[in-house]
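Here is work_7.tsv, consisting of TSV, N, CA and C atoms:
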chain	number	residue	atom	x	y	z
A	1010	MET	N	0.86	-1.17	0.00
A	1010	MET	CA	0.00	0.00	0.00
A	1010	MET	C	0.91	1.23	0.00
A	1011	PRO	N	0.78	2.06	-1.02
A	1011	PRO	CA	1.62	3.26	-1.05
A	1011	PRO	C	1.14	4.29	-0.03
A	1012	ASP	N	2.01	5.22	0.28
A	1012	ASP	CA	1.64	6.32	1.17
A	1012	ASP	C	0.73	7.24	0.36
A	1013	VAL	N	-0.51	7.37	0.77
A	1013	VAL	CA	-1.46	8.20	0.02
A	1013	VAL	C	-1.51	9.63	0.56
A	1014	GLY	N	-0.61	9.96	1.46
A	1014	GLY	CA	-0.47	11.33	1.94
A	1014	GLY	C	-1.23	11.63	3.21
A	1015	GLU	N	-1.07	12.85	3.68
A	1015	GLU	CA	-1.77	13.35	4.86
A	1015	GLU	C	-1.42	12.60	6.13
A	1016	GLY	N	-0.31	11.84	6.15
A	1016	GLY	CA	0.09	11.12	7.34
A	1016	GLY	C	-0.78	9.92	7.67
A	1017	LEU	N	-1.59	9.47	6.72
A	1017	LEU	CA	-2.47	8.32	6.96
A	1017	LEU	C	-1.65	7.04	6.98
A	1018	THR	N	-2.03	6.10	7.83
A	1018	THR	CA	-1.25	4.88	8.00
A	1018	THR	C	-1.91	3.63	7.46
A	1019	GLU	N	-3.17	3.73	7.01
A	1019	GLU	CA	-3.87	2.56	6.48
A	1019	GLU	C	-4.97	2.98	5.52
A	1020	ALA	N	-5.43	2.01	4.73
A	1020	ALA	CA	-6.52	2.26	3.79
A	1020	ALA	C	-7.26	0.94	3.56
A	1021	GLU	N	-8.52	1.04	3.21
A	1021	GLU	CA	-9.34	-0.13	2.91
A	1021	GLU	C	-9.42	-0.31	1.40
A	1022	ILE	N	-9.20	-1.53	0.93
A	1022	ILE	CA	-9.33	-1.81	-0.50
A	1022	ILE	C	-10.82	-1.90	-0.81
A	1023	LEU	N	-11.31	-0.96	-1.61
A	1023	LEU	CA	-12.73	-0.95	-1.97
A	1023	LEU	C	-13.03	-1.83	-3.17
A	1024	LYS	N	-12.18	-1.72	-4.21
A	1024	LYS	CA	-12.46	-2.46	-5.45
A	1024	LYS	C	-11.17	-2.72	-6.21
A	1025	TRP	N	-11.02	-3.94	-6.72
A	1025	TRP	CA	-9.94	-4.28	-7.63
A	1025	TRP	C	-10.47	-4.13	-9.05
A	1026	TYR	N	-9.69	-3.50	-9.91
A	1026	TYR	CA	-10.05	-3.35	-11.33
A	1026	TYR	C	-9.31	-4.35	-12.20
A	1027	VAL	N	-8.43	-5.15	-11.60
A	1027	VAL	CA	-7.67	-6.17	-12.33
A	1027	VAL	C	-7.77	-7.49	-11.59
A	1028	GLN	N	-7.43	-8.57	-12.29
A	1028	GLN	CA	-7.41	-9.91	-11.72
A	1028	GLN	C	-6.11	-10.59	-12.14
A	1029	PRO	N	-5.69	-11.65	-11.45
A	1029	PRO	CA	-4.49	-12.36	-11.86
A	1029	PRO	C	-4.60	-12.78	-13.34
A	1030	GLY	N	-3.50	-12.57	-14.06
A	1030	GLY	CA	-3.46	-12.89	-15.48
A	1030	GLY	C	-3.71	-11.69	-16.38
A	1031	ASP	N	-4.26	-10.61	-15.82
A	1031	ASP	CA	-4.50	-9.40	-16.61
A	1031	ASP	C	-3.18	-8.69	-16.90
A	1032	THR	N	-3.08	-8.13	-18.10
A	1032	THR	CA	-1.93	-7.30	-18.46
A	1032	THR	C	-2.21	-5.88	-17.99
A	1033	VAL	N	-1.20	-5.25	-17.36
A	1033	VAL	CA	-1.34	-3.87	-16.89
A	1033	VAL	C	-0.25	-3.01	-17.54
A	1034	THR	N	-0.56	-1.73	-17.69
A	1034	THR	CA	0.39	-0.79	-18.26
A	1034	THR	C	0.64	0.34	-17.28
A	1035	ASP	N	1.82	0.95	-17.41
A	1035	ASP	CA	2.22	2.05	-16.54
A	1035	ASP	C	1.13	3.12	-16.49
A	1036	GLY	N	0.67	3.45	-15.29
A	1036	GLY	CA	-0.36	4.46	-15.10
A	1036	GLY	C	-1.78	3.93	-15.05
A	1037	GLN	N	-1.97	2.66	-15.35
A	1037	GLN	CA	-3.31	2.07	-15.32
A	1037	GLN	C	-3.80	1.95	-13.88
A	1038	VAL	N	-5.04	2.33	-13.63
A	1038	VAL	CA	-5.62	2.21	-12.29
A	1038	VAL	C	-5.91	0.73	-12.03
A	1039	VAL	N	-5.40	0.21	-10.90
A	1039	VAL	CA	-5.58	-1.20	-10.58
A	1039	VAL	C	-6.55	-1.42	-9.42
A	1040	CYS	N	-6.72	-0.41	-8.56
A	1040	CYS	CA	-7.66	-0.57	-7.46
A	1040	CYS	C	-8.09	0.79	-6.92
A	1041	GLU	N	-9.16	0.74	-6.13
A	1041	GLU	CA	-9.64	1.93	-5.43
A	1041	GLU	C	-9.56	1.63	-3.95
A	1042	VAL	N	-9.00	2.59	-3.20
A	1042	VAL	CA	-8.88	2.44	-1.75
A	1042	VAL	C	-9.54	3.62	-1.08
A	1043	GLU	N	-9.93	3.41	0.18
A	1043	GLU	CA	-10.54	4.49	0.95
A	1043	GLU	C	-9.73	4.69	2.23
A	1044	THR	N	-9.36	5.94	2.45
A	1044	THR	CA	-8.67	6.30	3.69
A	1044	THR	C	-9.68	7.00	4.59
A	1045	ALA	N	-9.21	7.49	5.71
A	1045	ALA	CA	-10.08	8.22	6.62
A	1045	ALA	C	-10.56	9.53	6.00
A	1046	LYS	N	-9.89	9.96	4.91
A	1046	LYS	CA	-10.22	11.25	4.31
A	1046	LYS	C	-10.87	11.18	2.94
A	1047	ALA	N	-10.59	10.14	2.13
A	1047	ALA	CA	-11.11	10.11	0.77
A	1047	ALA	C	-10.95	8.74	0.13
A	1048	ALA	N	-11.69	8.53	-0.96
A	1048	ALA	CA	-11.50	7.35	-1.80
A	1048	ALA	C	-10.54	7.76	-2.91
A	1049	VAL	N	-9.55	6.89	-3.17
A	1049	VAL	CA	-8.49	7.20	-4.12
A	1049	VAL	C	-8.27	6.01	-5.05
A	1050	GLU	N	-8.08	6.28	-6.36
A	1050	GLU	CA	-7.73	5.23	-7.31
A	1050	GLU	C	-6.21	5.14	-7.37
A	1051	LEU	N	-5.67	3.92	-7.32
A	1051	LEU	CA	-4.23	3.72	-7.34
A	1051	LEU	C	-3.78	3.18	-8.69
A	1052	PRO	N	-2.85	3.88	-9.35
A	1052	PRO	CA	-2.29	3.37	-10.61
A	1052	PRO	C	-1.08	2.48	-10.34
A	1053	ILE	N	-0.75	1.64	-11.33
A	1053	ILE	CA	0.43	0.80	-11.24
A	1053	ILE	C	1.58	1.55	-11.92
A	1054	PRO	N	2.80	1.51	-11.39
A	1054	PRO	CA	3.88	2.31	-11.95
A	1054	PRO	C	4.74	1.62	-13.03
A	1055	PHE	N	4.26	0.50	-13.60
A	1055	PHE	CA	5.05	-0.19	-14.62
A	1055	PHE	C	4.15	-1.10	-15.44
A	1056	ASP	N	4.71	-1.70	-16.49
A	1056	ASP	CA	3.99	-2.64	-17.34
A	1056	ASP	C	4.25	-4.06	-16.84
A	1057	GLY	N	3.28	-4.96	-17.01
A	1057	GLY	CA	3.49	-6.35	-16.64
A	1057	GLY	C	2.19	-7.13	-16.65
A	1058	VAL	N	2.22	-8.29	-15.99
A	1058	VAL	CA	1.06	-9.17	-15.89
A	1058	VAL	C	0.78	-9.40	-14.41
A	1059	VAL	N	-0.46	-9.19	-13.99
A	1059	VAL	CA	-0.83	-9.39	-12.59
A	1059	VAL	C	-0.62	-10.86	-12.22
A	1060	HIS	N	0.17	-11.08	-11.19
A	1060	HIS	CA	0.43	-12.43	-10.70
A	1060	HIS	C	-0.52	-12.78	-9.55
A	1061	GLU	N	-0.67	-11.83	-8.60
A	1061	GLU	CA	-1.47	-12.12	-7.40
A	1061	GLU	C	-2.00	-10.83	-6.78
A	1062	LEU	N	-3.25	-10.89	-6.32
A	1062	LEU	CA	-3.83	-9.83	-5.50
A	1062	LEU	C	-3.69	-10.34	-4.07
A	1063	ARG	N	-2.95	-9.62	-3.23
A	1063	ARG	CA	-2.62	-10.11	-1.90
A	1063	ARG	C	-3.75	-9.98	-0.88
A	1064	PHE	N	-4.70	-9.06	-1.12
A	1064	PHE	CA	-5.80	-8.85	-0.17
A	1064	PHE	C	-7.11	-8.74	-0.93
A	1065	PRO	N	-8.19	-9.29	-0.38
A	1065	PRO	CA	-9.49	-9.15	-1.03
A	1065	PRO	C	-10.10	-7.77	-0.77
A	1066	GLU	N	-11.11	-7.44	-1.55
A	1066	GLU	CA	-11.85	-6.19	-1.34
A	1066	GLU	C	-12.41	-6.19	0.08
A	1067	GLY	N	-12.45	-5.02	0.70
A	1067	GLY	CA	-12.96	-4.89	2.05
A	1067	GLY	C	-11.91	-5.03	3.14
A	1068	THR	N	-10.68	-5.36	2.76
A	1068	THR	CA	-9.60	-5.52	3.73
A	1068	THR	C	-8.91	-4.18	3.98
A	1069	THR	N	-8.62	-3.87	5.24
A	1069	THR	CA	-7.85	-2.69	5.59
A	1069	THR	C	-6.40	-3.10	5.71
A	1070	VAL	N	-5.52	-2.38	4.99
A	1070	VAL	CA	-4.10	-2.71	4.98
A	1070	VAL	C	-3.27	-1.50	5.40
A	1071	ASP	N	-2.13	-1.76	5.99
A	1071	ASP	CA	-1.22	-0.71	6.43
A	1071	ASP	C	-0.39	-0.20	5.26
A	1072	VAL	N	-0.02	1.07	5.32
A	1072	VAL	CA	0.88	1.65	4.33
A	1072	VAL	C	2.18	0.85	4.36
A	1073	GLY	N	2.70	0.52	3.20
A	1073	GLY	CA	3.94	-0.24	3.09
A	1073	GLY	C	3.74	-1.71	2.82
A	1074	GLN	N	2.53	-2.24	3.03
A	1074	GLN	CA	2.28	-3.65	2.76
A	1074	GLN	C	2.15	-3.87	1.25
A	1075	VAL	N	2.64	-5.01	0.78
A	1075	VAL	CA	2.50	-5.39	-0.62
A	1075	VAL	C	1.05	-5.82	-0.84
A	1076	ILE	N	0.36	-5.18	-1.79
A	1076	ILE	CA	-1.03	-5.54	-2.03
A	1076	ILE	C	-1.24	-6.22	-3.37
A	1077	ILE	N	-0.24	-6.13	-4.27
A	1077	ILE	CA	-0.36	-6.75	-5.59
A	1077	ILE	C	1.01	-7.22	-6.03
A	1078	SER	N	1.05	-8.33	-6.75
A	1078	SER	CA	2.29	-8.87	-7.28
A	1078	SER	C	2.15	-8.88	-8.80
A	1079	VAL	N	3.16	-8.33	-9.51
A	1079	VAL	CA	3.11	-8.21	-10.96
A	1079	VAL	C	4.40	-8.74	-11.56
A	1080	ARG	N	4.27	-9.55	-12.59
A	1080	ARG	CA	5.44	-10.02	-13.33
A	1080	ARG	C	5.77	-8.96	-14.37
A	1081	THR	N	7.02	-8.55	-14.41
A	1081	THR	CA	7.43	-7.49	-15.33
A	1081	THR	C	8.52	-7.98	-16.26
A	1082	GLY	N	8.79	-7.21	-17.31
A	1082	GLY	CA	9.88	-7.50	-18.23
A	1082	GLY	C	9.49	-8.46	-19.33
A	1083	ALA	N	10.47	-8.76	-20.19
A	1083	ALA	CA	10.25	-9.68	-21.31
A	1083	ALA	C	9.85	-11.04	-20.78
A	1084	GLY	N	8.88	-11.66	-21.42
A	1084	GLY	CA	8.43	-12.98	-20.99
A	1084	GLY	C	7.65	-12.95	-19.70
A	1085	ALA	N	7.00	-11.85	-19.40
A	1085	ALA	CA	6.26	-11.73	-18.14
A	1085	ALA	C	5.20	-12.81	-18.00
A	1086	ASP	N	4.67	-13.29	-19.14
A	1086	ASP	CA	3.63	-14.32	-19.08
A	1086	ASP	C	4.18	-15.64	-18.56
A	1087	GLU	N	5.47	-15.90	-18.80
A	1087	GLU	CA	6.05	-17.18	-18.40
A	1087	GLU	C	6.98	-17.06	-17.20
A	1088	ALA	N	7.36	-15.86	-16.81
A	1088	ALA	CA	8.37	-15.68	-15.76
A	1088	ALA	C	7.95	-16.34	-14.46
A	1089	PRO	N	8.82	-17.18	-13.87
A	1089	PRO	CA	8.46	-17.86	-12.63
A	1089	PRO	C	8.49	-16.94	-11.42
A	1090	ALA	N	9.29	-15.90	-11.44
A	1090	ALA	CA	9.40	-15.01	-10.28
A	1090	ALA	C	8.52	-13.78	-10.48
A	1091	ALA	N	7.90	-13.33	-9.41
A	1091	ALA	CA	7.04	-12.15	-9.47
A	1091	ALA	C	7.73	-11.00	-8.75
A	1092	ALA	N	7.50	-9.81	-9.28
A	1092	ALA	CA	8.02	-8.61	-8.62
A	1092	ALA	C	6.99	-8.15	-7.61
A	1093	ASP	N	7.30	-8.25	-6.34
A	1093	ASP	CA	6.37	-7.85	-5.30
A	1093	ASP	C	6.58	-6.38	-5.00
A	1094	VAL	N	5.57	-5.57	-5.28
A	1094	VAL	CA	5.68	-4.14	-5.03
A	1094	VAL	C	4.35	-3.60	-4.56
A	1095	PRO	N	4.39	-2.63	-3.66
A	1095	PRO	CA	3.14	-1.99	-3.30
A	1095	PRO	C	2.60	-1.25	-4.52
A	1096	ALA	N	1.32	-1.36	-4.79
A	1096	ALA	CA	0.74	-0.68	-5.94
A	1096	ALA	C	0.99	0.80	-5.87
A	1097	ALA	N	1.31	1.36	-6.99
A	1097	ALA	CA	1.52	2.78	-7.17
A	1097	ALA	C	2.76	3.32	-6.51
A	1098	ALA	N	3.56	2.45	-5.89
A	1098	ALA	CA	4.81	2.94	-5.34
A	1098	ALA	C	5.76	3.23	-6.49
A	1099	PRO	N	6.53	4.26	-6.40
A	1099	PRO	CA	7.46	4.55	-7.48
A	1099	PRO	C	8.41	3.38	-7.69
A	1100	ALA	N	8.59	2.98	-8.94
A	1100	ALA	CA	9.49	1.89	-9.26
A	1100	ALA	C	10.91	2.32	-8.91
A	1101	ALA	N	11.67	1.38	-8.37
A	1101	ALA	CA	13.04	1.70	-8.00
A	1101	ALA	C	13.86	1.94	-9.26
A	1102	ALA	N	14.62	2.98	-9.25
A	1102	ALA	CA	15.48	3.29	-10.39
A	1102	ALA	C	16.65	2.33	-10.38
A	1103	PRO	N	17.12	1.92	-11.57
A	1103	PRO	CA	18.28	1.02	-11.59
A	1103	PRO	C	19.48	1.72	-10.97
A	1104	ALA	N	20.31	0.96	-10.31
A	1104	ALA	CA	21.48	1.53	-9.65
A	1104	ALA	C	22.41	2.11	-10.71
A	1105	PRO	N	22.85	3.35	-10.50
A	1105	PRO	CA	23.76	3.94	-11.48
A	1105	PRO	C	25.11	3.25	-11.44
A	1106	ALA	N	25.82	3.29	-12.57
A	1106	ALA	CA	27.16	2.72	-12.60
A	1106	ALA	C	28.03	3.51	-11.63
A	1107	GLU	N	28.93	2.80	-10.98
A	1107	GLU	CA	29.77	3.49	-10.00
A	1107	GLU	C	30.70	4.46	-10.71
A	1108	GLU	N	30.73	5.66	-10.21
A	1108	GLU	CA	31.61	6.69	-10.74
A	1108	GLU	C	32.57	7.09	-9.64
A	1109	PRO	N	33.78	7.50	-10.03
A	1109	PRO	CA	34.72	7.93	-8.98
A	1109	PRO	C	34.16	9.16	-8.27
A	1110	GLU	N	34.38	9.23	-6.96
A	1110	GLU	CA	33.89	10.37	-6.19
A	1110	GLU	C	34.71	11.60	-6.53
A	1111	PRO	N	34.04	12.74	-6.77
A	1111	PRO	CA	34.79	13.95	-7.08
A	1111	PRO	C	35.56	14.42	-5.85
A	1112	GLU	N	36.67	15.10	-6.14
A	1112	GLU	CA	37.49	15.59	-5.03
A	1112	GLU	C	37.06	17.01	-4.68
A	1113	GLY	N	37.24	17.40	-3.44
A	1113	GLY	CA	36.91	18.75	-3.01
A	1113	GLY	C	35.43	18.92	-2.72
A	1114	ARG	N	35.04	20.15	-2.41
A	1114	ARG	CA	33.65	20.46	-2.09
A	1114	ARG	C	32.81	20.50	-3.34
A	1115	GLN	N	31.58	20.07	-3.21
A	1115	GLN	CA	30.63	20.07	-4.31
A	1115	GLN	C	29.41	20.87	-3.91
A	1116	PRO	N	28.79	21.57	-4.85
A	1116	PRO	CA	27.57	22.34	-4.50
A	1116	PRO	C	26.42	21.43	-4.17

Would you mind giving the structure from this file in structure tokens?
Amino acid sequence: MPDVGEGLTEAEILKWYVQPGDTVTDGQVVCEVETAKAAVELPIPFDGVVHELRFPEGTTVDVGQVIISVRTGAGADEAPAAADVPAAAPAAAPAPAEEPEPEGRQP
């Protein structure tokens, strides 16, 4: 469950818009959640195939919990491993190649 702002620590899953086996694209809304302040639609931050929905509709989950598992990359339909990520959490950027540290003070 991504941090939906306002210091809220949990949200209830109201509705899933995808099911296991569905193909998803970056920015596609995958579920609707309700916090103490509002109902919010959550988009997925990458392309892939839904592997597993971790919680059913009506479940209250804490921020930071994995709520959906999506297979990403080439061969996502056959890939045995799933990428477990909280929905709508920013995808981790690939680690940059190591560069030598500059000498002296930097702005």

Neighbours of point (2.2, -13.6, -6.6) within 5 Å, using all atoms listed in the file, written as an NGL selection string: :A and (1060-1061 or 1078)

Atom pair CA of Tyr1026 (chain A) / CA of Val1072 (chain A): separation (Å): 19.7 Å

Between atom C of Gly1082 (chain A) and atom C of Ile1053 (chain A), distance in Å (one decimal):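 Atom-to-atom, atom C of Gly1082 (chain A) to atom C of Ile1053 (chain A), that is 14.8 Å.
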
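The two atoms in question, CA of Trp1025 (chain A) and CA of Val1075 (chain A), are spaced 14.3 Å apart.
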
Counting only N, CA and C atoms, the option among A:Ala1045, A:Val1039, A:Leu1062, A:Ile1076 closest to Leu1017 (chain A):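 Nearest candidate to Leu1017 (chain A) out of A:Ala1045, A:Val1039, A:Leu1062, A:Ile1076: A:Ala1045.
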